[in-house]
$ cat work37.cif   # mmCIF, C-alpha atoms
data_entry
loop_
_atom_site.label_atom_id
_atom_site.label_comp_id
_atom_site.auth_asym_id
_atom_site.auth_seq_id
_atom_site.Cartn_x
_atom_site.Cartn_y
_atom_site.Cartn_z
CA MET A 1 -2.33 46.57 -1.39
CA ASN A 2 0.47 44.78 -3.22
CA GLU A 3 2.34 41.57 -2.36
CA VAL A 4 5.21 43.39 -0.63
CA GLU A 5 2.73 45.12 1.71
CA ILE A 6 0.94 41.82 2.41
CA LEU A 7 4.24 40.16 3.32
CA GLU A 8 5.29 43.08 5.50
CA TYR A 9 2.00 42.87 7.35
CA LEU A 10 2.24 39.12 7.90
CA LYS A 11 5.89 39.30 8.99
CA GLY A 12 5.17 42.09 11.46
CA LEU A 13 2.94 40.01 13.72
CA GLU A 14 4.78 40.73 16.97
CA ASN A 15 4.48 44.47 16.56
CA ARG A 16 1.09 44.47 14.92
CA ASP A 17 -1.23 46.87 16.66
CA ILE A 18 -4.23 47.76 14.60
CA SER A 19 -7.97 48.02 15.09
CA PRO A 20 -10.45 45.26 14.19
CA LYS A 21 -11.67 47.53 11.38
CA GLU A 22 -8.21 47.59 9.83
CA GLU A 23 -7.95 43.80 10.29
CA ASN A 24 -11.17 43.48 8.35
CA THR A 25 -9.79 45.67 5.59
CA PHE A 26 -6.75 43.40 5.33
CA THR A 27 -8.83 40.21 4.92
CA ASN A 28 -11.11 41.94 2.41
CA ASN A 29 -8.09 43.13 0.46
CA LEU A 30 -6.73 39.59 0.29
CA LYS A 31 -10.09 38.31 -0.88
CA GLU A 32 -10.33 40.95 -3.59
CA ILE A 33 -6.78 40.36 -4.85
CA LYS A 34 -7.48 36.62 -4.96
CA GLN A 35 -10.72 37.10 -6.88
CA ASN A 36 -8.87 39.18 -9.47
CA PHE A 37 -6.28 36.43 -9.95
CA VAL A 38 -9.07 33.86 -10.27
CA LYS A 39 -10.77 36.05 -12.91
CA ASP A 40 -7.50 36.12 -14.86
CA ASN A 41 -7.20 32.35 -14.32
CA ASN A 42 -3.83 32.93 -12.63
CA GLN A 43 -4.01 29.80 -10.47
CA GLN A 44 -0.48 30.14 -9.08
CA LYS A 45 -1.02 33.66 -7.76
CA ALA A 46 -4.49 32.80 -6.42
CA LYS A 47 -2.93 29.88 -4.55
CA LYS A 48 -0.27 32.19 -3.12
CA ILE A 49 -2.96 34.49 -1.72
CA TRP A 50 -4.75 31.45 -0.26
CA CYS A 51 -1.49 30.65 1.56
CA TYR A 52 -1.30 34.20 2.92
CA GLU A 53 -4.91 33.91 4.12
CA GLN A 54 -4.03 30.70 5.98
CA ILE A 55 -0.95 32.29 7.56
CA TYR A 56 -3.06 35.21 8.71
CA ASN A 57 -5.69 32.85 10.15
CA VAL A 58 -3.08 30.78 12.01
CA GLN A 59 -1.49 33.90 13.49
CA ASN A 60 -4.85 35.23 14.67
CA ILE A 61 -5.97 31.90 16.11
CA TYR A 62 -2.73 31.69 18.11
CA LEU A 63 -3.17 35.22 19.49
CA SER A 64 -6.75 34.40 20.35
CA ALA A 65 -5.72 31.12 22.08
CA PHE A 66 -3.30 33.07 24.27
CA GLU A 67 -6.02 35.59 25.17
CA LEU A 68 -8.46 32.78 25.96
CA MET A 69 -5.94 31.18 28.32
CA LYS A 70 -5.40 34.54 30.01
CA LYS A 71 -9.17 34.55 30.63
CA ASN A 72 -8.97 30.95 31.97
CA LYS A 73 -11.02 29.68 29.02
CA PHE A 74 -8.79 26.67 28.58
CA TYR A 75 -11.04 24.36 26.58
CA GLU A 76 -11.77 27.15 24.07
CA ALA A 77 -8.00 27.74 23.77
CA TRP A 78 -7.54 23.97 23.26
CA GLN A 79 -9.93 24.11 20.29
CA ASN A 80 -7.88 26.99 18.86
CA PHE A 81 -4.67 24.99 19.21
CA GLU A 82 -6.26 22.12 17.29
CA GLN A 83 -7.34 24.54 14.56
CA ILE A 84 -3.74 25.77 14.31
CA GLU A 85 -2.50 22.19 13.78
CA ILE A 86 -5.18 21.49 11.18
CA LYS A 87 -4.62 24.72 9.25
CA LEU A 88 -0.85 24.25 9.26
CA SER A 89 -1.21 20.67 8.04
CA PHE A 90 -3.28 22.03 5.14
CA LEU A 91 -0.82 24.85 4.47
CA TYR A 92 2.54 23.07 4.68
CA PRO A 93 2.22 20.96 1.49
CA HIS A 94 1.89 24.29 -0.40
CA PHE A 95 4.11 26.67 1.50
CA LYS A 96 7.58 26.48 3.01
CA GLU A 97 8.49 29.06 5.61
CA LYS A 98 12.07 30.30 5.85
CA ASN A 99 13.55 31.18 9.24
CA ASN A 100 10.26 31.57 11.11
CA GLU A 101 9.60 34.78 9.14
CA PHE A 102 5.82 34.39 9.56
CA TYR A 103 6.07 33.03 13.13
CA LEU A 104 4.60 29.69 12.00
CA LYS A 105 7.45 27.61 13.40
CA LEU A 106 7.18 29.39 16.73
CA ILE A 107 3.39 29.09 16.75
CA LEU A 108 3.53 25.34 16.13
CA GLU A 109 6.25 24.82 18.73
CA TYR A 110 4.32 26.67 21.44
CA THR A 111 1.00 25.18 20.39
CA ARG A 112 2.50 21.72 21.06
CA LYS A 113 4.01 22.88 24.36
CA PHE A 114 0.73 24.34 25.62
CA GLN A 115 -1.18 21.23 24.47
CA SER A 116 1.21 18.98 26.39
CA LEU A 117 0.36 20.75 29.66
CA TYR A 118 -3.38 20.13 29.38
CA PRO A 119 -4.90 17.59 31.77
CA TYR A 120 -6.97 15.93 29.01
CA LYS A 121 -6.35 12.20 28.79
CA PHE A 122 -9.33 10.68 26.94
CA PHE A 123 -11.24 11.69 23.86
CA ILE A 124 -14.40 10.60 22.11
CA SER A 125 -13.83 9.27 18.63
CA THR A 126 -16.69 8.55 16.26
CA GLU A 127 -16.60 5.66 13.81
CA GLU A 128 -18.47 5.86 10.55
CA ILE A 129 -19.01 4.30 7.17
CA ILE A 130 -18.90 6.95 4.48
CA LYS A 131 -21.23 5.92 1.68
CA GLU A 132 -21.20 8.99 -0.51
CA LYS A 133 -19.27 12.23 -0.79
CA GLU A 134 -18.97 15.13 -3.14
CA CYS A 135 -16.28 17.53 -4.27
CA SER A 136 -16.26 20.95 -2.57
CA ILE A 137 -15.01 22.58 -5.77
CA CYS A 138 -17.44 21.28 -8.40
CA GLY A 139 -20.10 19.57 -6.28
CA LYS A 140 -19.80 16.35 -8.30
CA LYS A 141 -20.40 13.01 -6.56
CA ILE A 142 -17.07 11.25 -6.01
CA SER A 143 -16.43 8.32 -8.26
CA LEU A 144 -12.99 6.70 -8.37
CA ARG A 145 -13.01 5.64 -12.00
CA ASN A 146 -14.91 8.65 -13.28
CA HIS A 147 -13.27 11.27 -11.11
CA CYS A 148 -13.95 15.00 -11.34
CA GLY A 149 -10.20 15.64 -11.34
CA HIS A 150 -10.14 17.82 -8.21
CA ILE A 151 -7.75 16.32 -5.69
CA PRO A 152 -8.47 16.79 -1.98
CA GLY A 153 -5.94 19.12 -0.38
CA GLU A 154 -5.05 20.85 -3.66
CA ILE A 155 -5.92 24.49 -4.33
CA TYR A 156 -8.30 25.42 -7.14
CA ASP A 157 -9.38 29.00 -7.83
CA GLY A 158 -7.81 30.01 -4.51
CA GLU A 159 -9.79 27.51 -2.42
CA MET A 160 -8.73 24.19 -0.97
CA CYS A 161 -10.48 21.12 -2.31
CA LEU A 162 -12.25 19.14 0.41
CA ARG A 163 -14.82 16.39 0.49
CA ARG A 164 -18.38 16.95 1.69
CA ILE A 165 -19.86 13.77 3.10
CA THR A 166 -23.43 13.39 1.86
CA LYS A 167 -24.33 9.87 3.09
CA VAL A 168 -22.89 8.35 6.23
CA ASP A 169 -23.72 5.69 8.82
CA PHE A 170 -22.40 6.26 12.33
CA ILE A 171 -21.42 2.86 13.64
CA GLY A 172 -19.81 3.55 16.97
CA VAL A 173 -18.06 5.73 19.46
CA SER A 174 -14.75 4.90 21.11
CA LEU A 175 -12.80 6.32 23.98
CA VAL A 176 -9.25 6.94 22.76
CA ASN A 177 -6.11 8.54 24.15
CA SER A 178 -4.56 9.67 20.87
CA PRO A 179 -7.37 11.11 18.81
CA ASP A 180 -7.62 12.45 15.32
CA ARG A 181 -10.15 15.03 16.52
CA LYS A 182 -8.66 16.62 19.59
CA TYR A 183 -11.67 18.85 20.29
CA ALA A 184 -13.72 15.81 21.37
CA VAL A 185 -12.45 15.82 24.96
CA ALA A 186 -14.17 13.38 27.33
CA PHE A 187 -15.20 15.64 30.19
CA PRO A 188 -15.89 14.11 33.62
CA SER A 189 -19.56 14.46 34.40
CA THR A 190 -20.48 17.04 37.04
CA SER A 191 -23.89 17.95 38.39
CA GLU A 192 -23.49 21.55 37.16
CA GLY A 193 -22.21 20.46 33.76
CA ALA A 194 -19.14 22.62 34.35
CA ASP A 195 -15.58 21.95 33.23
CA SER A 196 -14.10 20.19 36.26
CA PHE A 197 -10.58 19.66 34.89
CA ASP A 198 -7.73 20.97 36.95
CA TYR A 199 -5.83 23.54 34.87
CA LYS A 200 -3.56 24.79 37.64
CA LEU A 201 -0.40 24.05 35.68
CA LEU A 202 -1.59 26.15 32.73
CA LYS A 203 -2.97 28.85 35.05
CA TYR A 204 0.40 29.14 36.74
CA LEU A 205 2.21 29.40 33.42
CA ILE A 206 -0.14 31.81 31.68
CA ASN A 207 -0.07 34.19 34.63
CA LEU A 208 3.69 34.47 34.26
CA LEU A 209 3.72 34.98 30.51
CA GLU A 210 3.58 38.55 29.29
CA SER A 211 3.15 37.88 25.62
CA PRO A 212 2.34 35.00 23.24
CA PHE A 213 5.86 35.39 21.83
CA GLU A 214 7.69 35.08 25.13
CA LYS A 215 9.99 32.07 25.12
CA TRP A 216 9.66 29.39 27.79
CA ASN A 217 10.29 25.73 28.31
CA TYR A 218 9.61 23.03 30.87
CA LYS A 219 11.03 19.81 32.17
CA TRP A 220 9.29 16.93 33.89
CA SER A 221 10.87 15.05 36.77
CA LYS A 222 9.65 13.23 39.89
CA ARG A 223 9.77 14.74 43.35
CA ARG A 224 8.44 13.79 46.78
CA HIS A 225 5.35 15.82 47.68
CA PRO A 226 4.29 16.36 51.35
CA HIS A 227 1.86 13.81 52.79
CA SER A 228 -0.37 16.74 53.77
CA PHE A 229 -1.33 17.01 50.06
CA PHE A 230 -2.94 13.57 50.29
CA LYS A 231 -4.96 13.84 53.51
CA ASP A 232 -7.96 12.01 52.03
CA ILE A 233 -5.96 8.88 51.23
CA THR A 234 -6.04 6.22 53.94
CA PRO A 235 -3.00 3.96 54.55
CA ASN A 236 -4.81 0.99 52.96
CA ASP A 237 -5.76 2.90 49.78
CA ASN A 238 -3.65 2.70 46.64
CA CYS A 239 -0.56 4.84 46.88
CA PRO A 240 -1.05 8.23 45.13
CA CYS A 241 2.26 7.67 43.34
CA GLU A 242 0.34 5.13 41.21
CA SER A 243 2.79 2.30 41.89
CA GLY A 244 -0.14 -0.09 42.41
CA LYS A 245 0.94 -0.80 45.99
CA LYS A 246 -0.91 0.23 49.14
CA TYR A 247 -0.03 3.69 50.47
CA VAL A 248 1.15 2.10 53.75
CA ASP A 249 3.50 -0.25 51.89
CA CYS A 250 4.85 2.44 49.59
CA CYS A 251 5.34 6.22 49.92
CA LEU A 252 3.82 6.55 53.42
CA ASN A 253 7.14 5.34 54.81
CA GLU A 254 9.04 7.94 52.82
CA LYS A 255 9.49 11.70 53.18
CA GLY A 256 6.63 12.31 50.78
CA VAL A 257 4.72 10.91 47.82
CA LEU A 258 6.70 10.54 44.61
CA ARG A 259 4.75 12.49 42.00
CA PRO A 260 5.48 14.21 38.69
CA HIS A 261 7.05 17.62 39.06
CA CYS A 262 7.10 20.28 36.37
CA GLN A 263 9.81 22.91 36.25
CA PHE A 264 9.39 25.90 33.97
CA TYR A 265 12.22 27.85 32.42
CA PHE A 266 11.77 31.43 31.29
CA TYR A 267 14.12 33.55 29.26
CA LYS A 268 12.80 36.70 30.91
CA GLU A 269 13.41 37.25 34.59
CA LYS A 270 10.42 36.43 36.80
CA LYS A 271 9.75 37.66 40.31
CA GLU A 272 7.62 34.67 41.26
CA LYS A 273 8.76 31.18 42.17
CA MET A 274 9.81 29.27 39.04
CA ASP A 275 8.75 25.71 39.56
CA PHE A 276 5.45 24.10 40.12
CA GLU A 277 4.34 21.02 41.96
CA TYR A 278 2.06 18.98 39.84
CA CYS A 279 -0.34 16.78 41.74
CA TYR A 280 -3.17 15.79 39.41
CA MET B 1 10.86 -7.30 14.12
CA GLU B 2 10.35 -4.39 16.49
CA GLU B 3 12.54 -1.37 16.61
CA GLN B 4 11.42 1.52 18.81
CA ASN B 5 7.92 2.25 17.55
CA LYS B 6 8.29 0.45 14.25
CA LYS B 7 6.85 -2.97 13.59
CA ILE B 8 7.17 -5.12 10.48
CA VAL B 9 5.53 -8.55 10.41
CA ILE B 10 5.85 -10.90 7.44
CA LYS B 11 3.63 -13.97 7.17
CA ASP B 12 3.06 -16.67 4.56
CA ILE B 13 -0.33 -16.85 2.90
CA LYS B 14 -1.89 -19.83 1.11
CA GLY B 15 -3.03 -18.07 -2.04
CA ILE B 16 -4.32 -14.86 -3.51
CA GLU B 17 -7.57 -16.11 -5.11
CA LYS B 18 -9.66 -15.16 -2.08
CA PHE B 19 -8.71 -11.51 -2.62
CA LEU B 20 -9.69 -11.46 -6.28
CA ASN B 21 -12.61 -13.87 -6.59
CA ASN B 22 -15.00 -12.41 -4.08
CA ASP B 23 -18.72 -12.55 -4.80
CA TYR B 24 -19.05 -8.79 -4.50
CA ILE B 25 -16.69 -8.23 -7.44
CA SER B 26 -18.27 -8.26 -10.92
CA ASN B 27 -16.86 -10.62 -13.56
CA GLU B 28 -15.74 -7.68 -15.65
CA LEU B 29 -13.71 -6.30 -12.74
CA LYS B 30 -12.35 -9.77 -11.85
CA ASN B 31 -10.87 -9.95 -15.35
CA LYS B 32 -9.33 -6.50 -14.97
CA LEU B 33 -7.85 -7.41 -11.59
CA LYS B 34 -6.09 -10.42 -13.08
CA LYS B 35 -4.22 -8.08 -15.43
CA SER B 36 -3.43 -5.42 -12.81
CA ASP B 37 0.02 -4.78 -11.37
CA ILE B 38 -1.02 -2.98 -8.19
CA ILE B 39 -4.39 -3.62 -6.56
CA ILE B 40 -5.94 -1.80 -3.62
CA LEU B 41 -7.89 -4.32 -1.55
CA PRO B 42 -10.72 -3.68 0.89
CA ILE B 43 -10.91 -4.46 4.60
CA GLU B 44 -13.18 -7.47 4.81
CA LYS B 45 -15.39 -8.49 7.72
CA PHE B 46 -14.78 -5.38 9.78
CA ARG B 47 -16.55 -6.30 13.02
CA GLU B 48 -20.10 -7.36 12.12
CA PHE B 49 -20.17 -5.52 8.79
CA LYS B 50 -20.52 -7.66 5.69
CA ASP B 51 -19.67 -4.92 3.21
CA PRO B 52 -16.05 -4.55 2.12
CA LEU B 53 -14.68 -1.19 3.32
CA PHE B 54 -11.71 0.99 2.44
CA PRO B 55 -9.89 3.19 4.92
CA ASN B 56 -10.81 6.85 4.87
CA GLY B 57 -8.48 8.56 2.39
CA THR B 58 -8.29 5.68 -0.12
CA GLU B 59 -9.60 8.00 -2.84
CA LYS B 60 -6.58 10.27 -2.39
CA ILE B 61 -4.09 7.38 -2.41
CA TYR B 62 -5.75 5.86 -5.49
CA LEU B 63 -5.48 9.18 -7.36
CA PHE B 64 -1.89 9.71 -6.24
CA LEU B 65 -0.81 6.24 -7.37
CA LYS B 66 -2.70 6.59 -10.64
CA ASP B 67 -1.00 9.94 -11.28
CA ASN B 68 2.49 8.74 -10.48
CA LEU B 69 2.43 5.22 -11.87
CA SER B 70 4.18 4.71 -15.16
CA LYS B 71 1.74 3.93 -18.00
CA GLU B 72 3.09 0.41 -18.46
CA TYR B 73 1.60 -0.56 -15.07
CA ASN B 74 -2.08 -0.98 -14.24
CA LEU B 75 -3.61 0.11 -10.96
CA GLU B 76 -6.98 -1.21 -9.87
CA ILE B 77 -9.17 -1.16 -6.80
CA ALA B 78 -10.98 -4.38 -5.95
CA ILE B 79 -14.48 -2.97 -5.78
CA ASP B 80 -17.14 -1.99 -8.25
CA GLU B 81 -17.93 1.71 -8.30
CA GLN B 82 -21.38 1.49 -6.67
CA ASP B 83 -20.06 -0.59 -3.75
CA TYR B 84 -17.18 1.71 -2.76
CA LYS B 85 -17.45 2.75 0.90
CA GLU B 86 -14.91 4.24 3.29
CA LEU B 87 -14.43 3.50 6.96
CA GLY B 88 -13.55 6.41 9.23
CA LEU B 89 -12.19 5.51 12.64
CA HIS B 90 -10.53 8.84 13.52
CA HIS B 91 -7.66 7.49 15.51
CA ASN B 92 -4.35 9.24 14.94
CA LEU B 93 -2.91 5.99 13.54
CA ILE B 94 -3.38 6.43 9.80
CA PHE B 95 -4.30 3.21 8.00
CA LEU B 96 -3.11 3.64 4.40
CA GLY B 97 -4.76 0.45 3.20
CA ILE B 98 -4.19 -3.07 1.89
CA PHE B 99 -2.24 -3.35 -1.36
CA MET B 100 -1.28 -6.23 -3.60
CA CYS B 101 1.65 -6.29 -6.01
CA LYS B 102 4.41 -8.54 -7.35
CA GLU B 103 7.76 -8.63 -5.55
CA ILE B 104 9.47 -6.66 -8.28
CA LEU B 105 7.10 -3.73 -7.72
CA LEU B 106 7.36 -3.75 -3.92
CA PRO B 107 10.21 -1.19 -3.54
CA PHE B 108 8.47 1.07 -6.04
CA LEU B 109 5.12 0.83 -4.24
CA LEU B 110 6.72 1.50 -0.85
CA SER B 111 8.58 4.48 -2.20
CA MET B 112 5.36 5.89 -3.72
CA LEU B 113 3.50 5.42 -0.44
CA ALA B 114 6.38 7.10 1.42
CA ASN B 115 6.17 10.04 -0.99
CA TYR B 116 2.43 10.13 -0.53
CA THR B 117 2.68 10.33 3.26
CA TYR B 118 5.46 12.92 3.03
CA TYR B 119 4.00 15.25 0.43
CA LYS B 120 0.28 14.65 0.36
CA LEU B 121 -0.88 13.56 3.76
CA PRO B 122 -1.79 16.40 6.10
CA LEU B 123 0.33 14.98 8.90
CA ARG B 124 0.16 16.98 12.08
CA SER B 125 3.50 15.59 13.16
CA LYS B 126 6.41 13.76 11.59
CA GLU B 127 6.00 11.21 14.37
CA GLU B 128 2.43 10.41 13.39
CA LYS B 129 2.05 6.69 12.80
CA VAL B 130 0.89 4.92 9.67
CA LYS B 131 -0.19 1.34 9.12
CA LEU B 132 -0.42 -0.67 5.92
CA THR B 133 -0.57 -4.21 4.58
CA ILE B 134 1.00 -5.43 1.36
CA ILE B 135 0.27 -8.82 -0.19
CA VAL B 136 3.19 -9.90 -2.35
CA SER B 137 1.30 -11.98 -4.89
CA ASP B 138 4.14 -14.01 -6.47
CA ARG B 139 5.87 -14.78 -3.14
CA LEU B 140 2.63 -15.46 -1.20
CA LYS B 141 3.70 -13.17 1.62
CA LYS B 142 1.70 -10.73 3.70
CA ILE B 143 3.64 -7.76 5.07
CA ASP B 144 2.20 -5.64 7.87
CA PHE B 145 3.91 -2.37 8.71
CA GLU B 146 3.09 -0.06 11.58
CA GLY B 147 5.31 2.86 12.55
CA PRO B 148 6.14 6.54 12.09
CA ALA B 149 5.32 7.81 8.60
CA LYS B 150 8.91 9.01 8.18
CA ASP B 151 10.19 5.39 8.46
CA LEU B 152 8.17 4.17 5.52
CA LYS B 153 10.79 5.21 2.95
CA ASN B 154 13.45 3.05 4.61
CA ILE B 155 11.62 -0.24 5.10
CA SER B 156 12.12 -1.69 1.65
CA LYS B 157 15.59 -3.03 2.44
CA GLU B 158 14.51 -4.25 5.89
CA ILE B 159 11.66 -6.22 4.35
CA LYS B 160 14.08 -7.79 1.89
CA ASP B 161 16.45 -8.76 4.72
CA ILE B 162 13.71 -10.23 6.92
CA SER B 163 12.24 -12.08 3.99
CA LYS B 164 15.64 -13.63 3.15
CA ASN B 165 16.23 -14.77 6.72
CA GLU B 166 12.91 -16.55 7.03
#

$ encode --input "work37.cif" --output "structure tokens"
Amino acid sequence: MNEVEILEYLKGLENRDISPKEENTFTNNLKEIKQNFVKDNNQQKAKKIWCYEQIYNVQNIYLSAFELMKKNKFYEAWQNFEQIEIKLSFLYPHFKEKNNEFYLKLILEYTRKFQSLYPYKFFISTEEIIKEKECSICGKKISLRNHCGHIPGEIYDGEMCLRRITKVDFIGVSLVNSPDRKYAVAFPSTSEGADSFDYKLLKYLINLLESPFEKWNYKWSKRRHPHSFFKDITPNDNCPCESGKKYVDCCLNEKGVLRPHCQFYFYKEKKEKMDFEYCY
Amino acid sequence: MEEQNKKIVIKDIKGIEKFLNNDYISNELKNKLKKSDIIILPIEKFREFKDPLFPNGTEKIYLFLKDNLSKEYNLEIAIDEQDYKELGLHHNLIFLGIFMCKEILLPFLLSMLANYTYYKLPLRSKEEKVKLTIIVSDRLKKIDFEGPAKDLKNISKEIKDISKNE
């Protein structure tokens, strides 16, 4: 396999239809080509292959996230979306994509859109004091003034330099709304230990999408929802519109409760109703 | 001054000795710090912790500055090697650190930090926020910046203007 064939393969994502065995052959080919460049100490070429490996990973993770959502495995898909963000943040300092030729721009755009429709609001964030770390390339203990020379985030012998933490004290856990580690979702406790989040917005959307490459958009607004949606709320409870007033002094006197409303836009014609009433 | 999500606060400080004469710094390093042009300072008294701590990622910033700083300038970090520890808080607000320099080097330092965030930081979004503190040693000023990483390259002039109007 030469570079032209690799590029053709990566650029043909939308029409890619091959067996897992062939997929495996592709990754093995990349690995082998990279090893040969490393043997020849051709750092530039080895780095290029590392970039192609990352592109391939990002593409596959996105396809897998879409499949997971189709199977209603939303938290697993959420983890995939985070992996896409992380891998792209590693890749972008080394690789500039022109005109969405590898679908990376599209993948990031739709990753962000899907993420924004998740009901997750709070995340667990750990706090730690890192006392010692070592270089993933040479294994040397990190010392600022006597540094091994490998810079985190740079590519050496076709691998990205990272830090392995070898001594750490965990000092706390916080509940945050804008986390660094998005996978650490704070799940409401349930007796069955099941995921009790309401994913109906995502379920509605994913059922209408035919492919991970189908274009769509959405717009938030506020609309009055029928009082019958809020049967469990008594007049003296807080108003479900979250104004802070009592229900009786707020929306109960109106046609309905003012709640966020999400309207989806599709570029392909859909038979089903287009908008969705969001009542989390 | 607050503009959208950007915040710059400039305060007077009484002196800079407390940053350079700490007990945890060896005499040898104290002497080096006196001759340094840019110094990376630790976070002191973080909650109940006595040890000075540096924000997670300080190693990368230190190496970047060292690599890009002209040889006529000295960069130091105000900690002895064996005492260097990083604090990881894992919020999406990225704390770049506390820096000390003379006024003349301020635009240069800000521009280097802007380049660092643009080229070297694995930002997940251009809107991701950064935070930093700079002690301007010869003007006895403390500048705190918090805002989108992309705004960092433009704050040098704003700081100058605010500083003049004070």

$ interface_residues --input "work37.cif" --of "chain B" --to "chain A" --cutoff "10 Å" --atoms "only C-alpha atoms" --output "ChimeraX atom specification"
/B:49,53-60,62-64,76-77,80-94,118-125

$ closest_residue --input "work37.cif" --among "A:Glu67, A:Glu53, A:Asp249, A:Glu8" --to "Glu32 of chain A" --atoms "only C-alpha atoms"
A:Glu53

$ residues_around --input "work37.cif" --residues "Lys11 of chain B" --least-positions-apart "4" --cutoff "8 Å" --atoms "all atoms listed in the file" --output "list in words"
Lys141, Lys142 and Ile143 of chain B

$ resolve_selection --input "work37.cif" --expression "the PyMOL selection byres ((chain B and resi 41) around 10)" --output "number ranges by chain"
B: 19-20, 38-40, 42-44, 52-54, 76-79, 97-100, 133-135

$ resolve_selection --input "work37.cif" --expression "the PyMOL selection byres ((chain A and resi 107) around 9)" --output "ChimeraX atom specification"
/A:58-59,62,84,103-106,108-112,212-213

$ atom_distance --input "work37.cif" --atom1 "atom CA of Lys270 of chain A" --atom2 "atom CA of Phe74 of chain A"
23.1 Å

$ atom_distance --input "work37.cif" --atom1 "atom CA of His261 of chain A" --atom2 "atom CA of Ser189 of chain A"
27.2 Å

$ closest_residue --input "work37.cif" --among "B:Ile16, B:Leu132, B:Ile159, B:Leu110" --to "Glu146 of chain B" --atoms "only C-alpha atoms"
B:Leu132
